[in-house]
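What follows is data-v8.txt (compact mmCIF, C-alpha atoms).
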```
# COMPACT_ATOMS: atom_id res chain seq x y z
CA MET A 1 155.00 202.01 241.93
CA PRO A 2 156.68 205.39 241.91
CA PRO A 3 156.47 207.43 238.67
CA ARG A 4 160.24 207.52 238.20
CA LEU A 5 160.49 203.74 238.09
CA LYS A 6 157.79 203.48 235.45
CA LYS A 7 159.63 205.89 233.20
CA THR A 8 162.88 204.00 233.55
CA ASN A 9 161.30 200.72 232.48
CA ALA A 10 159.65 202.32 229.47
CA GLU A 11 162.88 203.81 228.32
CA SER A 12 164.64 200.46 228.74
CA ILE A 13 162.08 198.71 226.60
CA LYS A 14 162.29 201.39 223.95
CA SER A 15 166.06 201.20 223.90
CA TYR A 16 165.94 197.44 223.59
CA MET A 17 163.52 197.64 220.66
CA THR A 18 165.75 200.14 218.92
CA ARG A 19 168.81 197.95 219.24
CA SER A 20 166.93 194.90 218.12
CA SER A 21 165.69 196.70 214.99
CA ALA A 22 169.18 197.86 214.12
CA THR A 23 170.51 194.34 214.54
CA LYS A 24 167.84 192.97 212.17
CA LYS A 25 168.69 195.64 209.64
CA VAL A 26 172.38 194.72 209.72
CA ILE A 27 171.56 191.04 209.29
CA VAL A 28 169.27 191.76 206.33
CA GLU A 29 171.95 193.90 204.68
CA LYS A 30 174.53 191.14 205.11
CA ASN A 31 172.18 188.55 203.69
CA SER A 32 171.46 190.82 200.73
CA GLN A 33 175.15 191.32 200.03
CA THR A 34 175.77 187.60 200.27
CA LYS A 35 172.95 186.88 197.78
CA GLU A 36 174.28 189.47 195.36
CA LYS A 37 177.71 187.86 195.49
CA GLU A 38 176.19 184.46 194.86
CA ASP A 39 174.20 185.83 191.89
CA ASP A 40 177.31 187.44 190.45
CA MET A 41 179.18 184.17 190.75
CA SER A 42 176.29 182.28 189.08
CA VAL A 43 176.19 184.75 186.19
CA SER A 44 179.95 184.46 185.74
CA GLU A 45 179.76 180.67 185.69
CA ASN A 46 176.95 180.76 183.10
CA GLU A 47 178.94 183.10 180.90
CA ASN A 48 181.94 180.78 181.11
CA ARG A 49 179.75 177.82 180.22
CA ASN A 50 178.19 179.65 177.23
CA ASP A 51 181.62 180.65 175.94
CA SER A 52 182.76 177.04 176.15
CA LYS A 53 179.61 175.81 174.35
CA THR A 54 179.98 178.39 171.57
CA TYR A 55 183.54 177.36 170.96
CA VAL A 56 182.56 173.67 170.66
CA THR A 57 179.71 174.40 168.16
CA SER A 58 181.97 176.42 165.86
CA THR A 59 184.46 173.57 165.72
CA GLU A 60 181.80 171.05 164.89
CA MET A 61 180.39 173.35 162.21
CA GLY A 62 183.80 173.56 160.59
CA GLN A 63 184.09 169.79 160.50
CA ILE A 64 180.57 169.42 159.08
CA THR A 65 181.30 172.01 156.42
CA GLU A 66 184.46 170.20 155.33
CA THR A 67 182.56 166.90 155.21
CA ILE A 68 179.77 168.40 153.10
CA LEU A 69 182.23 170.02 150.70
CA SER A 70 184.05 166.72 150.35
CA LYS A 71 180.81 164.89 149.59
CA PHE A 72 179.76 167.56 147.10
CA LYS A 73 183.07 167.19 145.33
CA ASN A 74 182.68 163.42 145.17
CA VAL A 75 179.12 163.77 143.84
CA GLU A 76 180.29 166.36 141.32
CA ASP A 77 183.04 164.03 140.10
CA LEU A 78 180.58 161.14 139.88
CA ILE A 79 178.05 163.20 137.91
CA GLU A 80 180.75 164.49 135.59
CA ASN A 81 181.95 160.95 134.89
CA ARG A 82 178.43 159.71 134.22
CA VAL A 83 177.59 162.67 131.97
CA CYS A 84 180.79 162.19 129.99
CA SER A 85 180.07 158.46 129.65
CA LYS A 86 176.49 159.16 128.53
CA ILE A 87 177.66 161.74 126.01
CA GLU A 88 180.09 159.23 124.52
CA GLU A 89 177.31 156.63 124.27
CA LEU A 90 175.01 159.15 122.58
CA LYS A 91 177.76 160.10 120.14
CA THR A 92 178.24 156.45 119.22
CA GLU A 93 174.49 155.89 118.80
CA MET A 94 174.12 159.07 116.73
CA LYS A 95 176.96 157.99 114.45
CA VAL A 96 175.23 154.65 113.88
CA GLU A 97 171.88 156.35 113.25
CA ILE A 98 173.47 158.87 110.89
CA ARG A 99 175.02 156.04 108.88
CA GLY A 100 171.64 154.32 108.73
CA ILE A 101 169.92 157.54 107.63
CA GLN A 102 172.54 158.09 104.96
CA ASN A 103 171.95 154.57 103.65
CA GLU A 104 168.19 155.14 103.66
CA ILE A 105 168.65 158.42 101.78
CA LEU A 106 170.68 156.61 99.13
CA GLN A 107 167.99 153.95 98.81
CA ILE A 108 165.29 156.62 98.58
CA LYS A 109 167.21 158.41 95.85
CA GLU A 110 167.50 155.17 93.89
CA THR A 111 163.78 154.48 94.40
CA VAL A 112 162.91 158.01 93.27
CA LYS A 113 164.94 157.54 90.11
CA GLU A 114 163.18 154.26 89.38
CA ASN A 115 159.78 155.83 90.06
CA GLU A 116 160.61 158.75 87.78
CA LYS A 117 161.30 156.29 85.00
CA LYS A 118 158.04 154.49 85.72
CA ILE A 119 156.13 157.79 85.85
CA ILE A 120 157.48 158.79 82.47
CA GLY A 121 156.37 155.43 81.09
CA ASN A 122 152.96 155.74 82.76
CA GLU A 123 152.49 159.26 81.40
CA GLU A 124 152.98 157.91 77.91
CA LYS A 125 150.47 155.14 78.59
CA ILE A 126 147.97 157.61 80.08
CA LYS A 127 148.35 159.87 77.08
CA CYS A 128 147.70 156.94 74.78
CA ILE A 129 144.65 155.92 76.84
CA GLU A 130 143.28 159.47 76.83
CA GLU A 131 143.58 159.57 73.07
CA THR A 132 141.69 156.31 72.65
CA LEU A 133 139.26 156.85 75.57
CA PRO A 134 136.43 158.56 73.63
CA GLN A 135 136.44 155.84 71.02
CA ASN A 136 136.57 153.10 73.65
CA GLN A 137 133.78 154.80 75.58
CA ASN A 138 131.57 154.93 72.50
CA ASN A 139 132.32 151.30 71.76
CA LEU A 140 131.52 150.38 75.35
CA LEU A 141 128.21 152.27 75.25
CA LYS A 142 127.29 150.48 72.03
CA LYS A 143 128.09 147.14 73.62
CA ILE A 144 126.01 148.03 76.68
CA LYS A 145 123.09 149.01 74.48
CA LEU A 146 123.38 145.79 72.50
CA LEU A 147 123.50 143.78 75.73
CA GLU A 148 120.42 145.59 77.05
CA GLU A 149 118.60 144.87 73.80
CA GLU A 150 119.64 141.23 73.96
CA ILE A 151 118.37 141.00 77.53
CA LEU A 152 115.06 142.58 76.52
CA VAL A 153 114.72 140.27 73.53
CA LYS A 154 115.44 137.29 75.78
CA GLU A 155 112.86 138.48 78.31
CA ILE A 156 110.30 139.07 75.55
CA HIS A 157 110.96 135.54 74.31
CA ASP A 158 110.48 134.16 77.83
CA ARG A 159 107.11 135.96 78.06
CA LYS A 160 105.91 135.12 74.54
CA ARG A 161 103.28 132.62 75.78
CA ASN A 162 101.94 135.05 78.39
CA LEU A 163 98.82 137.17 77.94
CA LEU A 164 97.50 140.02 80.09
CA ILE A 165 93.73 140.38 80.31
CA TYR A 166 92.27 143.68 81.55
CA GLY A 167 88.75 144.71 82.56
CA VAL A 168 87.35 141.35 83.68
CA LYS A 169 85.13 141.76 86.73
CA GLU A 170 86.71 140.52 89.94
CA GLU A 171 84.70 138.41 92.38
CA LYS A 172 85.43 137.39 95.94
CA GLU A 173 86.81 133.86 96.32
CA GLU A 174 86.82 133.42 92.56
CA ASN A 175 88.25 130.42 90.72
CA ILE A 176 90.65 131.91 88.19
CA GLN A 177 90.39 128.88 85.87
CA GLU A 178 86.63 129.32 85.69
CA VAL A 179 87.04 133.07 85.13
CA VAL A 180 89.36 132.44 82.17
CA THR A 181 87.05 129.82 80.68
CA HIS A 182 84.03 132.12 81.04
CA PHE A 183 85.96 134.99 79.42
CA LEU A 184 86.96 132.84 76.43
CA LEU A 185 83.43 131.53 75.94
CA THR A 186 81.42 134.72 76.42
CA SER A 187 83.70 137.66 75.62
CA LEU A 188 85.75 136.11 72.81
CA GLU A 189 82.93 133.79 71.69
CA LEU A 190 85.18 130.79 71.22
CA SER A 191 83.57 127.39 70.86
CA LYS A 192 83.49 125.04 73.81
CA GLU A 193 85.53 122.46 71.89
CA GLU A 194 88.25 125.03 71.17
CA VAL A 195 88.28 126.26 74.76
CA MET A 196 88.67 122.69 76.02
CA LYS A 197 91.80 122.31 73.86
CA ILE A 198 93.45 125.42 75.34
CA LYS A 199 95.78 124.35 78.16
CA LEU A 200 96.98 126.83 80.77
CA CYS A 201 100.29 126.52 82.58
CA ALA A 202 99.39 129.20 85.16
CA ALA A 203 96.85 131.96 85.79
CA HIS A 204 96.49 134.54 88.57
CA ARG A 205 95.47 138.11 89.30
CA LEU A 206 98.20 140.78 89.37
CA ARG A 207 98.80 143.22 92.18
CA LYS A 208 97.72 146.78 91.60
CA PRO A 209 100.61 149.11 90.70
CA ALA A 210 101.84 151.65 93.24
CA TYR A 211 100.65 154.50 91.02
CA GLN A 212 97.41 154.32 89.08
CA ASN A 213 95.60 156.63 86.74
CA PRO A 214 92.62 158.13 88.62
CA ARG A 215 90.34 156.97 85.78
CA THR A 216 91.34 153.33 86.30
CA GLU A 217 91.74 153.41 90.07
CA ASN A 218 88.55 151.41 90.68
CA ALA A 219 89.08 149.08 87.73
CA PRO A 220 89.40 145.34 88.48
CA ARG A 221 92.87 143.90 88.68
CA ALA A 222 94.29 142.44 85.51
CA PHE A 223 95.21 138.78 85.40
CA ILE A 224 97.92 136.95 83.53
CA ILE A 225 97.61 133.57 81.84
CA VAL A 226 100.52 131.40 80.71
CA LEU A 227 99.63 129.07 77.84
CA ILE A 228 101.41 125.86 76.99
CA GLU A 229 100.97 126.19 73.20
CA GLN A 230 102.11 129.28 71.29
CA CYS A 231 99.34 128.78 68.72
CA HIS A 232 96.67 129.09 71.42
CA ARG A 233 98.23 132.34 72.62
CA ASP A 234 98.22 133.79 69.08
CA ARG A 235 94.63 132.62 68.52
CA ILE A 236 93.34 134.34 71.69
CA LEU A 237 95.24 137.56 70.89
CA ASN A 238 93.93 137.77 67.31
CA VAL A 239 90.32 137.05 68.31
CA ALA A 240 90.54 139.67 71.08
CA LYS A 241 91.66 142.31 68.56
CA GLU A 242 88.59 141.56 66.43
CA LYS A 243 86.01 141.18 69.20
CA LEU A 244 87.16 143.68 71.84
CA ASN A 245 88.98 146.45 69.94
CA GLY A 246 87.11 149.65 70.84
CA ARG A 247 83.91 147.81 71.76
CA SER A 248 84.54 146.86 75.37
CA LYS A 249 86.41 147.93 78.50
CA MET A 250 88.12 144.55 78.39
CA SER A 251 91.34 144.04 76.45
CA VAL A 252 93.99 141.39 75.85
CA ARG A 253 97.65 142.31 75.46
CA SER A 254 100.94 140.49 75.18
CA ASP A 255 103.13 140.42 78.27
CA LEU A 256 106.24 142.62 78.04
CA PRO A 257 109.13 143.65 80.31
CA ALA A 258 108.40 146.59 82.61
CA THR A 259 110.19 149.22 80.50
CA LEU A 260 108.41 148.23 77.30
CA LYS A 261 105.11 147.86 79.12
CA LYS A 262 105.37 151.45 80.34
CA LYS A 263 106.20 152.69 76.85
CA ARG A 264 103.29 150.73 75.37
CA ALA A 265 100.88 152.34 77.85
CA GLN A 266 102.03 155.78 76.69
CA LEU A 267 101.63 154.78 73.04
CA VAL A 268 98.13 153.43 73.71
CA GLN A 269 97.07 156.85 74.98
CA LYS A 270 98.69 158.53 71.99
CA ALA A 271 97.00 156.09 69.59
CA PHE A 272 93.62 156.93 71.11
CA GLU A 273 94.19 160.64 70.48
CA ILE A 274 95.30 159.96 66.87
CA ARG A 275 92.18 157.91 66.13
CA LYS A 276 89.99 160.58 67.71
CA ASN A 277 91.58 163.68 66.17
CA GLU A 278 93.14 162.46 62.92
CA HIS A 279 90.74 159.60 62.12
CA LEU A 280 93.58 157.20 61.31
CA LYS A 281 93.96 153.53 62.04
CA THR A 282 96.59 152.69 64.65
CA ARG A 283 98.47 149.64 65.81
CA ILE A 284 101.23 148.95 68.31
CA ARG A 285 103.91 146.43 67.45
CA VAL A 286 106.85 144.95 69.30
CA VAL A 287 109.92 145.16 67.06
CA LYS A 288 113.00 143.42 68.49
CA ALA A 289 113.53 145.23 71.80
CA ASP A 290 111.26 148.21 71.14
CA VAL A 291 107.58 149.12 70.84
CA TRP A 292 106.37 151.00 67.77
CA LEU A 293 103.23 152.99 67.11
CA GLU A 294 102.13 152.75 63.49
CA VAL A 295 99.31 154.56 61.66
CA LYS A 296 97.48 154.00 58.40
CA GLY A 297 95.08 156.18 56.45
CA LYS A 298 92.17 155.05 54.30
CA SER A 299 94.15 155.49 51.10
CA ASP A 300 97.42 154.12 52.50
CA ILE A 301 98.64 150.66 51.65
CA ASP A 302 101.45 150.33 54.19
CA TRP A 303 101.64 151.13 57.86
CA ASN A 304 103.85 154.09 58.79
CA ARG A 305 105.65 154.50 62.08
CA ARG A 306 104.64 157.52 64.15
CA TYR A 307 107.53 158.96 66.16
CA ASN A 308 105.86 162.00 67.74
```

As structure tokens - that is how I would like this structure written.
Amino acid sequence: MPPRLKKTNAESIKSYMTRSSATKKVIVEKNSQTKEKEDDMSVSENENRNDSKTYVTSTEMGQITETILSKFKNVEDLIENRVCSKIEELKTEMKVEIRGIQNEILQIKETVKENEKKIIGNEEKIKCIEETLPQNQNNLLKKIKLLEEEILVKEIHDRKRNLLIYGVKEEKEENIQEVVTHFLLTSLELSKEEVMKIKLCAAHRLRKPAYQNPRTENAPRAFIIVLIEQCHRDRILNVAKEKLNGRSKMSVRSDLPATLKKKRAQLVQKAFEIRKNEHLKTRIRVVKADVWLEVKGKSDIDWNRRYN
């Protein structure tokens, strides 16, 4: 192929490509303009729609607001009516209560007046009682003392046939009747015939006291005998004073109430000291509801009571 022809074909192709590119560019520009117009129209439609929607919402809000205000007004009226009604009820109730309180106050005033009168009367009675109280108290104490003495005298009388025997040796499994008989025969030296006549109502060992003198802690337990005949009791007591007084650790004493028994024990110790230091005779006697310690000198005729 000749060189000129080759050049012509190349130029033709190049020209064709240039025109084709320009055509594509024009088409693209047209499409772009068309799309922009469509977008502008879409935006305009959306704005119109939004404006329409905003207008509808404002209208509805106005209606809702009016409805709410109307309801609030109705509720306010209802509350006001109820409050007014309640206030009237409370006023009525308070009036009734006030009347009741006023009546109660009047009753209280009357009661106070009556109580004042009673108090005045009671004050006079109390004053009278206070004036007579010391005398009544002394009289009452005297009566109490007399009653206590009467009780002691009665108890002494109930125990008058009882005798307490101290210092008799205690054996295991002993027969108390045999112990008493042996004591009467050997220690008091009574005849067998006389011992056979003595009848016992009861006899038994006593419990050891809670507190004991250390000197008598190991001493045998005392025993008590209850005699049927008063003469037998007096006989045993008198013989014991002759046979055992100061000569043996054994002794026979009359049974007394606890208070007098305690006092007698103290007087026994005091009598021992008087005999030892002052060399006087002593004796202890039960006088009514009391226990006396009496002393007697060699030249004295009568017994004299020792208080200290």

Coordinates-based distance that separates CA of Lys160 (chain A) from CA of Arg233 (chain A) (Å, one decimal):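 We find that CA of Arg233 (chain A) and CA of Lys160 (chain A) lie 8.4 Å from each other.
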
Counting only C-alpha atoms, the residue of A:Lys145, A:Arg305, A:Lys208, A:Arg264 that sits nearest Lys281 (chain A): A:Arg305

Spatial neighbours of region 266-273 of chain A, max dist 9 Å, only C-alpha atoms, sep filter under 5 positions, as a list in words: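 Skipping anything fewer than 5 positions along the chain leaves Lys261, Glu278, Lys281, Thr282, Arg283, Ile284, Val291, Trp292, Leu293, Glu294 and Val295 of chain A.
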
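One distance worth recording is that between CA of Glu189 (chain A) and CA of Val239 (chain A), which is 8.8 Å.
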
Between CA of Ile224 (chain A) and CA of Tyr166 (chain A), distance in Å (one decimal):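 Answer for the CA of Ile224 (chain A) to CA of Tyr166 (chain A) separation: 9.0 Å.
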